[in-house]
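The next block is run-v6.tsv, given as TSV, C-alpha atoms.
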```tsv
chain	number	residue	atom	x	y	z
O	1	GLN	CA	222.73	-90.20	76.97
O	2	LEU	CA	224.86	-87.53	75.28
O	3	ALA	CA	226.57	-86.77	78.60
O	4	ASN	CA	227.35	-90.47	79.14
O	5	MET	CA	228.75	-90.81	75.62
O	6	ALA	CA	230.94	-87.73	76.13
O	7	MET	CA	232.27	-89.04	79.45
O	8	LYS	CA	233.07	-92.46	77.95
O	9	GLN	CA	234.92	-90.82	75.11
O	10	LEU	CA	236.85	-88.63	77.54
O	11	MET	CA	237.83	-91.60	79.73
O	12	GLN	CA	239.08	-93.53	76.66
O	13	GLU	CA	241.41	-90.76	75.59
O	14	PRO	CA	245.13	-91.32	76.28
O	15	GLY	CA	246.45	-89.53	79.34
O	16	PHE	CA	243.19	-89.69	81.26
O	17	GLU	CA	243.84	-90.64	84.89
O	18	GLU	CA	241.33	-91.61	87.52
O	19	ASP	CA	240.99	-89.16	90.39
O	20	LYS	CA	241.86	-91.33	93.42
O	21	SER	CA	240.53	-88.71	95.84
O	22	LEU	CA	237.03	-89.30	94.44
O	23	VAL	CA	237.29	-93.03	95.23
O	24	ALA	CA	238.37	-92.24	98.81
O	25	LYS	CA	235.45	-89.81	99.22
O	26	LEU	CA	233.01	-92.42	97.83
O	27	ASN	CA	234.25	-95.04	100.33
O	28	LEU	CA	233.88	-92.51	103.16
O	29	VAL	CA	230.29	-91.79	102.15
O	30	LYS	CA	229.51	-95.54	102.07
O	31	ARG	CA	230.95	-96.00	105.58
O	32	ARG	CA	228.90	-93.08	106.87
O	33	ILE	CA	225.73	-94.56	105.35
O	34	LYS	CA	226.42	-97.92	107.01
O	35	ILE	CA	227.02	-96.21	110.38
O	36	SER	CA	223.81	-94.19	109.96
O	37	ILE	CA	221.77	-97.32	109.23
O	38	LEU	CA	223.30	-99.13	112.21
O	39	LYS	CA	222.58	-96.18	114.52
O	40	ARG	CA	219.00	-96.03	113.28
O	41	ASP	CA	218.50	-99.76	113.94
O	42	LEU	CA	220.02	-99.49	117.43
O	43	ASP	CA	217.84	-96.48	118.26
O	44	ALA	CA	214.73	-98.35	117.09
O	45	LYS	CA	215.69	-101.37	119.19
O	46	ALA	CA	216.22	-99.19	122.27
O	47	ARG	CA	212.85	-97.43	121.78
O	48	SER	CA	211.08	-100.79	121.44
O	49	GLU	CA	212.72	-102.05	124.62
O	50	ARG	CA	211.65	-98.95	126.58
O	51	PHE	CA	208.14	-99.38	125.17
O	52	ARG	CA	207.94	-103.05	126.28
O	53	LEU	CA	209.25	-102.28	129.77
O	54	ALA	CA	206.87	-99.34	130.26
O	55	PHE	CA	203.78	-101.44	129.49
O	56	ARG	CA	205.13	-104.88	130.53
O	57	LEU	CA	204.60	-106.41	127.08
O	58	PRO	CA	206.06	-109.62	125.57
O	59	VAL	CA	209.63	-109.45	124.29
O	60	THR	CA	208.38	-110.09	120.74
O	61	GLU	CA	206.61	-106.71	120.58
O	62	LYS	CA	208.30	-104.01	118.50
O	63	LEU	CA	207.26	-100.38	118.49
O	64	ASP	CA	205.63	-99.53	115.17
O	65	GLU	CA	204.47	-95.93	115.61
O	66	ASP	CA	204.06	-93.41	118.44
O	67	GLU	CA	202.59	-89.92	118.49
O	68	GLU	CA	201.53	-87.32	121.01
O	69	CYS	CA	197.79	-87.00	121.58
O	70	ALA	CA	195.08	-86.51	124.19
O	71	LEU	CA	192.88	-89.21	125.75
O	72	TRP	CA	189.34	-88.41	126.89
O	73	THR	CA	188.86	-89.82	130.41
O	74	PRO	CA	185.12	-90.21	131.13
O	75	TYR	CA	185.65	-90.75	134.87
O	76	SER	CA	187.19	-87.24	135.26
O	77	LYS	CA	185.46	-85.58	132.26
O	78	GLN	CA	188.83	-84.26	131.08
O	79	HIS	CA	191.48	-84.80	128.43
O	80	ALA	CA	194.76	-86.33	129.54
O	81	TRP	CA	197.76	-85.41	127.40
O	82	GLY	CA	200.23	-88.14	126.67
O	83	ARG	CA	201.55	-90.42	123.95
O	84	LEU	CA	199.92	-93.21	121.94
O	85	TYR	CA	202.04	-96.24	121.05
O	86	LEU	CA	201.29	-98.87	118.40
O	87	SER	CA	202.90	-102.29	118.02
O	88	ARG	CA	201.95	-105.46	116.17
O	89	ASN	CA	199.50	-106.63	118.86
O	90	PHE	CA	198.88	-103.69	121.22
O	91	MET	CA	197.71	-100.10	121.35
O	92	CYS	CA	199.00	-98.31	124.46
O	93	PHE	CA	198.73	-94.86	126.00
O	94	ALA	CA	200.71	-93.21	128.78
O	95	SER	CA	199.98	-89.76	130.17
O	96	LYS	CA	202.66	-87.09	130.43
O	97	VAL	CA	201.96	-86.88	134.16
O	98	LYS	CA	203.39	-90.09	135.56
O	99	ASP	CA	200.77	-92.67	136.64
O	100	LEU	CA	197.89	-90.29	135.88
O	101	VAL	CA	196.40	-92.74	133.38
O	102	THR	CA	197.67	-95.68	131.33
O	103	LEU	CA	195.90	-97.83	128.75
O	104	ILE	CA	196.79	-101.19	127.22
O	105	ILE	CA	194.39	-102.36	124.50
O	106	PRO	CA	195.07	-105.65	122.68
O	107	LEU	CA	194.40	-105.07	118.99
O	108	ARG	CA	192.54	-108.40	118.78
O	109	ASP	CA	189.90	-106.92	121.14
O	110	ILE	CA	189.16	-103.93	118.89
O	111	SER	CA	186.02	-104.06	116.75
O	112	PHE	CA	186.70	-100.96	114.68
O	113	VAL	CA	188.34	-97.55	114.65
O	114	GLU	CA	186.93	-94.41	113.06
O	115	ARG	CA	187.69	-90.72	112.79
O	116	VAL	CA	185.36	-88.33	114.62
O	117	ASP	CA	185.21	-84.55	114.93
O	118	SER	CA	182.49	-83.77	117.41
O	119	SER	CA	181.83	-82.40	120.86
O	120	VAL	CA	182.41	-84.43	124.01
O	121	SER	CA	180.78	-83.00	127.11
O	122	GLY	CA	180.85	-79.54	125.57
O	123	SER	CA	184.56	-79.69	124.78
O	124	LEU	CA	185.45	-79.56	121.09
O	125	ILE	CA	187.87	-82.28	120.01
O	126	ASN	CA	190.00	-82.05	116.89
O	127	LYS	CA	191.55	-84.77	114.77
O	128	ALA	CA	190.02	-87.48	116.95
O	129	ILE	CA	189.86	-91.25	116.61
O	130	LEU	CA	187.21	-93.35	118.33
O	131	VAL	CA	188.26	-96.90	119.26
O	132	THR	CA	185.52	-99.43	120.00
O	133	THR	CA	186.29	-102.80	121.59
O	134	LYS	CA	184.35	-106.03	121.31
O	135	ASN	CA	183.16	-105.52	124.91
O	136	LYS	CA	181.57	-102.20	123.86
O	137	ALA	CA	184.17	-100.04	125.56
O	138	TYR	CA	184.90	-96.70	123.87
O	139	PHE	CA	188.15	-94.73	123.86
O	140	THR	CA	188.61	-91.33	122.23
O	141	PHE	CA	192.07	-90.11	121.23
O	142	SER	CA	192.41	-86.59	119.79
O	143	GLU	CA	194.77	-83.77	118.80
O	144	PHE	CA	196.93	-85.94	116.53
O	145	ARG	CA	199.47	-84.20	114.33
O	146	ASP	CA	198.58	-86.56	111.46
O	147	CYS	CA	195.26	-88.18	112.30
O	148	ASN	CA	194.77	-89.91	108.93
O	149	PHE	CA	198.18	-91.59	109.06
O	150	ILE	CA	197.60	-92.94	112.60
O	151	LEU	CA	194.13	-94.15	111.65
O	152	GLU	CA	195.58	-95.95	108.62
O	153	ARG	CA	198.30	-97.63	110.72
O	154	MET	CA	195.70	-98.72	113.30
O	155	SER	CA	193.49	-100.21	110.60
O	156	ASP	CA	196.40	-102.06	108.97
O	157	LEU	CA	197.58	-103.58	112.26
O	158	ILE	CA	194.05	-104.57	113.30
O	159	CYS	CA	193.42	-106.28	109.94
O	160	LYS	CA	196.50	-108.45	110.51
O	161	GLN	CA	195.19	-109.81	113.82
O	162	PRO	CA	194.43	-113.57	113.85
O	163	ILE	CA	190.85	-114.65	114.47
O	164	ILE	CA	190.65	-116.40	117.85
O	165	GLN	CA	187.72	-118.60	118.83
O	166	ARG	CA	186.86	-118.16	122.50
O	167	THR	CA	184.74	-120.23	124.85
O	168	ILE	CA	182.18	-117.95	126.47
O	169	ILE	CA	180.72	-118.86	129.87
O	170	SER	CA	177.04	-118.06	130.11
O	171	GLU	CA	175.94	-115.44	132.65
O	172	ASP	CA	173.84	-118.00	134.53
O	173	LYS	CA	176.80	-120.36	135.08
O	174	ARG	CA	179.07	-117.48	136.03
O	175	SER	CA	176.59	-116.11	138.60
O	176	VAL	CA	176.17	-119.56	140.19
O	177	LYS	CA	179.93	-120.00	140.42
O	178	GLU	CA	180.37	-116.58	142.03
O	179	HIS	CA	177.57	-117.30	144.51
O	180	VAL	CA	179.30	-120.53	145.59
O	181	GLU	CA	182.61	-118.73	146.03
O	182	LEU	CA	181.04	-115.97	148.09
O	183	SER	CA	179.09	-118.37	150.25
O	184	THR	CA	182.31	-120.09	151.31
O	185	LEU	CA	184.22	-116.82	151.90
O	186	ASP	CA	184.72	-116.13	155.61
O	187	ASP	CA	187.36	-113.43	155.47
O	188	VAL	CA	185.71	-110.06	156.04
O	189	LYS	CA	188.74	-108.20	154.67
O	190	GLU	CA	188.50	-110.16	151.43
O	191	VAL	CA	184.87	-109.13	151.01
O	192	ALA	CA	185.78	-105.49	151.70
O	193	LYS	CA	188.56	-105.61	149.11
O	194	GLU	CA	186.20	-107.10	146.53
O	195	HIS	CA	183.74	-104.28	147.17
O	196	LEU	CA	186.45	-101.64	146.63
O	197	TRP	CA	187.55	-103.29	143.38
O	198	GLU	CA	183.97	-103.55	142.10
O	199	LEU	CA	183.47	-99.83	142.74
O	200	HIS	CA	186.71	-99.16	140.89
O	201	PHE	CA	185.67	-101.33	137.94
O	202	SER	CA	182.34	-99.51	137.67
O	203	GLU	CA	184.15	-96.19	137.27
O	204	PHE	CA	187.34	-97.07	135.38
O	205	GLY	CA	186.30	-100.16	133.43
O	206	LYS	CA	187.17	-103.82	133.86
O	207	GLY	CA	189.57	-106.22	132.19
O	208	MET	CA	192.63	-105.68	130.04
O	209	CYS	CA	191.36	-102.38	128.60
O	210	MET	CA	190.56	-100.62	131.88
O	211	TYR	CA	191.88	-97.15	132.70
O	212	ARG	CA	194.93	-97.71	134.92
O	213	THR	CA	195.32	-94.76	137.30
O	214	CYS	CA	196.88	-93.81	140.63
O	215	GLU	CA	193.79	-95.28	142.30
O	216	THR	CA	194.47	-98.60	140.56
O	217	HIS	CA	198.01	-98.66	141.95
O	218	GLN	CA	196.72	-97.94	145.47
O	219	LEU	CA	194.23	-100.81	145.25
O	220	VAL	CA	196.98	-103.17	144.05
O	221	LEU	CA	199.13	-102.19	147.04
O	222	LYS	CA	196.22	-102.90	149.40
O	223	GLY	CA	195.82	-106.35	147.86
O	224	ILE	CA	194.05	-108.01	144.93
O	225	PRO	CA	191.07	-110.21	145.85
O	226	ASP	CA	191.52	-113.88	145.01
O	227	ARG	CA	188.63	-113.90	142.56
O	228	TYR	CA	190.26	-111.10	140.49
O	229	ARG	CA	193.85	-112.33	140.49
O	230	GLY	CA	193.42	-114.19	137.22
```
Could you take the file, read its structure, and then write that structure out as structure tokens?
Amino acid sequence: QLANMAMKQLMQEPGFEEDKSLVAKLNLVKRRIKISILKRDLDAKARSERFRLAFRLPVTEKLDEDEECALWTPYSKQHAWGRLYLSRNFMCFASKVKDLVTLIIPLRDISFVERVDSSVSGSLINKAILVTTKNKAYFTFSEFRDCNFILERMSDLICKQPIIQRTIISEDKRSVKEHVELSTLDDVKEVAKEHLWELHFSEFGKGMCMYRTCETHQLVLKGIPDRYRG
């Protein structure tokens, strides 16, 4: 307060002139701040676009957070290093080695996330997060730089997911429907393709949250059975 009073008194004295160079410097700083904010927004937009293209997500998705981590792959009993990405509706993972493994998990399908520090198949994992889906699928991400922050962001995004009521087909009706489809299937190649896909599902999981690997790409190139195209 004393400094402000002294400055006001000094400015009111006759002969005091405003330093115009200070005004020019202030305007330059403001322009630089505006350019910095614009560059930051453009960079964020570009990162979100690369994220959507990499995982083929809707244009409304915007990248919220991303961090390097390791994913435990039960089919190979190893950790795959890569990057975890979070957006408003999806949790995605892409390995550093191209097409080694990719994951796309809709946040609405996640039951809960929790921090774990334990041993998986004799291999100690640090700063790990266990993700459990409503279909009882489990995914372990570890070696985060800031595990608590990522866990908090996951929890916040999951809490914001809308509750969707789904119509569930009973197992009896589904088995009858599949039996009818198979009984009318005459193409031997189609049956062989279905068998290959079923073996793949048993090892890498089934549905939206399956582990997408090089083997998945090879099966897609060979052809997707009609019953699995949906």
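CA of Glu215 in chain O lies 17.5 Å from CA of His79 in chain O.
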Can you tell me, as JSON, the centre and edge lengths (Å, one decimal) of the axis-aligned box enclosing all of range 81-93 of chain O's listed atoms after padding each side by 5 Å?
```
{"center_x": 200.3, "center_y": -96.0, "center_z": 121.8, "size_x": 15.2, "size_y": 31.2, "size_z": 21.2}
```
message: Residues within 7 Å of Ala128 in chain O, please, as an NGL selection string. Count only C-alpha atoms; anything in the same chain fewer than 4 positions from it doesn't count.
response: :O and (115-117 or 140-143)
- prompt: Contacts of Tyr85 in chain O at 10 Å or less, counting all atoms listed in the file, minus same-chain residues fewer than 4 places along, as a PyMOL selection string?
  reply: chain O and resi 51+63-68+90-94+103-104
Given all atoms listed in the file as the counted atoms, nearest of O:Val131, O:Val59, O:Ala3, O:Leu107 to Arg88 in chain O: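 Between O:Val131, O:Val59, O:Ala3, O:Leu107, the residue approaching Arg88 in chain O most closely is O:Leu107.
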query: So how far away is CA of Glu61 in chain O from CA of Ser87 in chain O, in Å?
result: 6.3 Å
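The shortest atom-to-atom distance to Lys160 in chain O, with only C-alpha atoms taken into account, belongs to O:Asn89 out of O:Ser48, O:Ser36, O:Asn89, O:Gln218.
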Exercise: Gly223 in chain O partners within 12 Å, all atoms listed in the file, chain neighbours under 3 positions left out, as a VMD selection string: chain O and resid 189 to 194 196 to 197 216 to 220 226 to 229
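The space between CA of Lys136 in chain O and CA of Phe112 in chain O spans 10.6 Å.
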If I only have part of range 123-149 of chain O, can you fill in N, CA and C atoms and write it as a short mmCIF file (atom, residue, chain, number, x, y, z; two decimals), in the coordinates of the input?
```cif
data_model
loop_
_atom_site.label_atom_id
_atom_site.label_comp_id
_atom_site.auth_asym_id
_atom_site.auth_seq_id
_atom_site.Cartn_x
_atom_site.Cartn_y
_atom_site.Cartn_z
N SER O 123 183.18 -80.02 125.12
CA SER O 123 184.56 -79.69 124.78
C SER O 123 184.86 -80.17 123.36
N LEU O 124 185.21 -79.22 122.49
CA LEU O 124 185.45 -79.56 121.09
C LEU O 124 186.75 -80.36 120.96
N ILE O 125 186.68 -81.47 120.23
CA ILE O 125 187.87 -82.28 120.01
C ILE O 125 188.23 -82.23 118.54
N ASN O 126 189.51 -82.15 118.26
CA ASN O 126 190.00 -82.05 116.89
C ASN O 126 190.83 -83.27 116.53
N LYS O 127 190.74 -83.67 115.28
CA LYS O 127 191.55 -84.77 114.77
C LYS O 127 191.47 -85.97 115.71
N ALA O 128 190.26 -86.43 115.95
CA ALA O 128 190.02 -87.48 116.95
C ALA O 128 189.75 -88.83 116.30
N ILE O 129 190.11 -89.87 117.03
CA ILE O 129 189.86 -91.25 116.61
C ILE O 129 189.12 -91.97 117.72
N LEU O 130 188.00 -92.58 117.37
CA LEU O 130 187.21 -93.35 118.33
C LEU O 130 187.53 -94.83 118.16
N VAL O 131 187.93 -95.47 119.26
CA VAL O 131 188.26 -96.90 119.26
C VAL O 131 187.17 -97.64 120.02
N THR O 132 186.58 -98.64 119.39
CA THR O 132 185.52 -99.43 120.00
C THR O 132 185.98 -100.87 120.14
N THR O 133 185.88 -101.42 121.36
CA THR O 133 186.29 -102.80 121.59
C THR O 133 185.11 -103.74 121.45
N LYS O 134 185.40 -105.02 121.44
CA LYS O 134 184.35 -106.03 121.31
C LYS O 134 183.46 -106.10 122.54
N ASN O 135 183.95 -105.57 123.68
CA ASN O 135 183.16 -105.52 124.91
C ASN O 135 182.39 -104.21 125.03
N LYS O 136 182.30 -103.46 123.92
CA LYS O 136 181.57 -102.20 123.86
C LYS O 136 182.17 -101.13 124.78
N ALA O 137 183.47 -101.12 124.87
CA ALA O 137 184.17 -100.04 125.56
C ALA O 137 184.64 -99.04 124.50
N TYR O 138 184.58 -97.75 124.84
CA TYR O 138 184.90 -96.70 123.87
C TYR O 138 186.05 -95.84 124.39
N PHE O 139 187.00 -95.56 123.51
CA PHE O 139 188.15 -94.73 123.86
C PHE O 139 188.34 -93.69 122.77
N THR O 140 188.46 -92.43 123.18
CA THR O 140 188.61 -91.33 122.23
C THR O 140 189.98 -90.68 122.38
N PHE O 141 190.76 -90.75 121.30
CA PHE O 141 192.07 -90.11 121.23
C PHE O 141 191.97 -88.93 120.26
N SER O 142 192.55 -87.78 120.62
CA SER O 142 192.41 -86.59 119.79
C SER O 142 193.71 -85.80 119.74
N GLU O 143 193.65 -84.71 118.95
CA GLU O 143 194.77 -83.77 118.80
C GLU O 143 196.01 -84.43 118.19
N PHE O 144 195.80 -85.33 117.23
CA PHE O 144 196.93 -85.94 116.53
C PHE O 144 197.53 -84.94 115.54
N ARG O 145 198.82 -85.03 115.33
CA ARG O 145 199.47 -84.20 114.33
C ARG O 145 199.06 -84.67 112.93
N ASP O 146 199.00 -85.99 112.74
CA ASP O 146 198.58 -86.56 111.46
C ASP O 146 197.57 -87.67 111.75
N CYS O 147 196.32 -87.26 111.89
CA CYS O 147 195.26 -88.18 112.30
C CYS O 147 195.03 -89.29 111.26
N ASN O 148 195.04 -88.93 109.99
CA ASN O 148 194.77 -89.91 108.93
C ASN O 148 195.83 -91.00 108.89
N PHE O 149 197.09 -90.61 109.09
CA PHE O 149 198.18 -91.59 109.06
C PHE O 149 198.04 -92.57 110.22
#
```
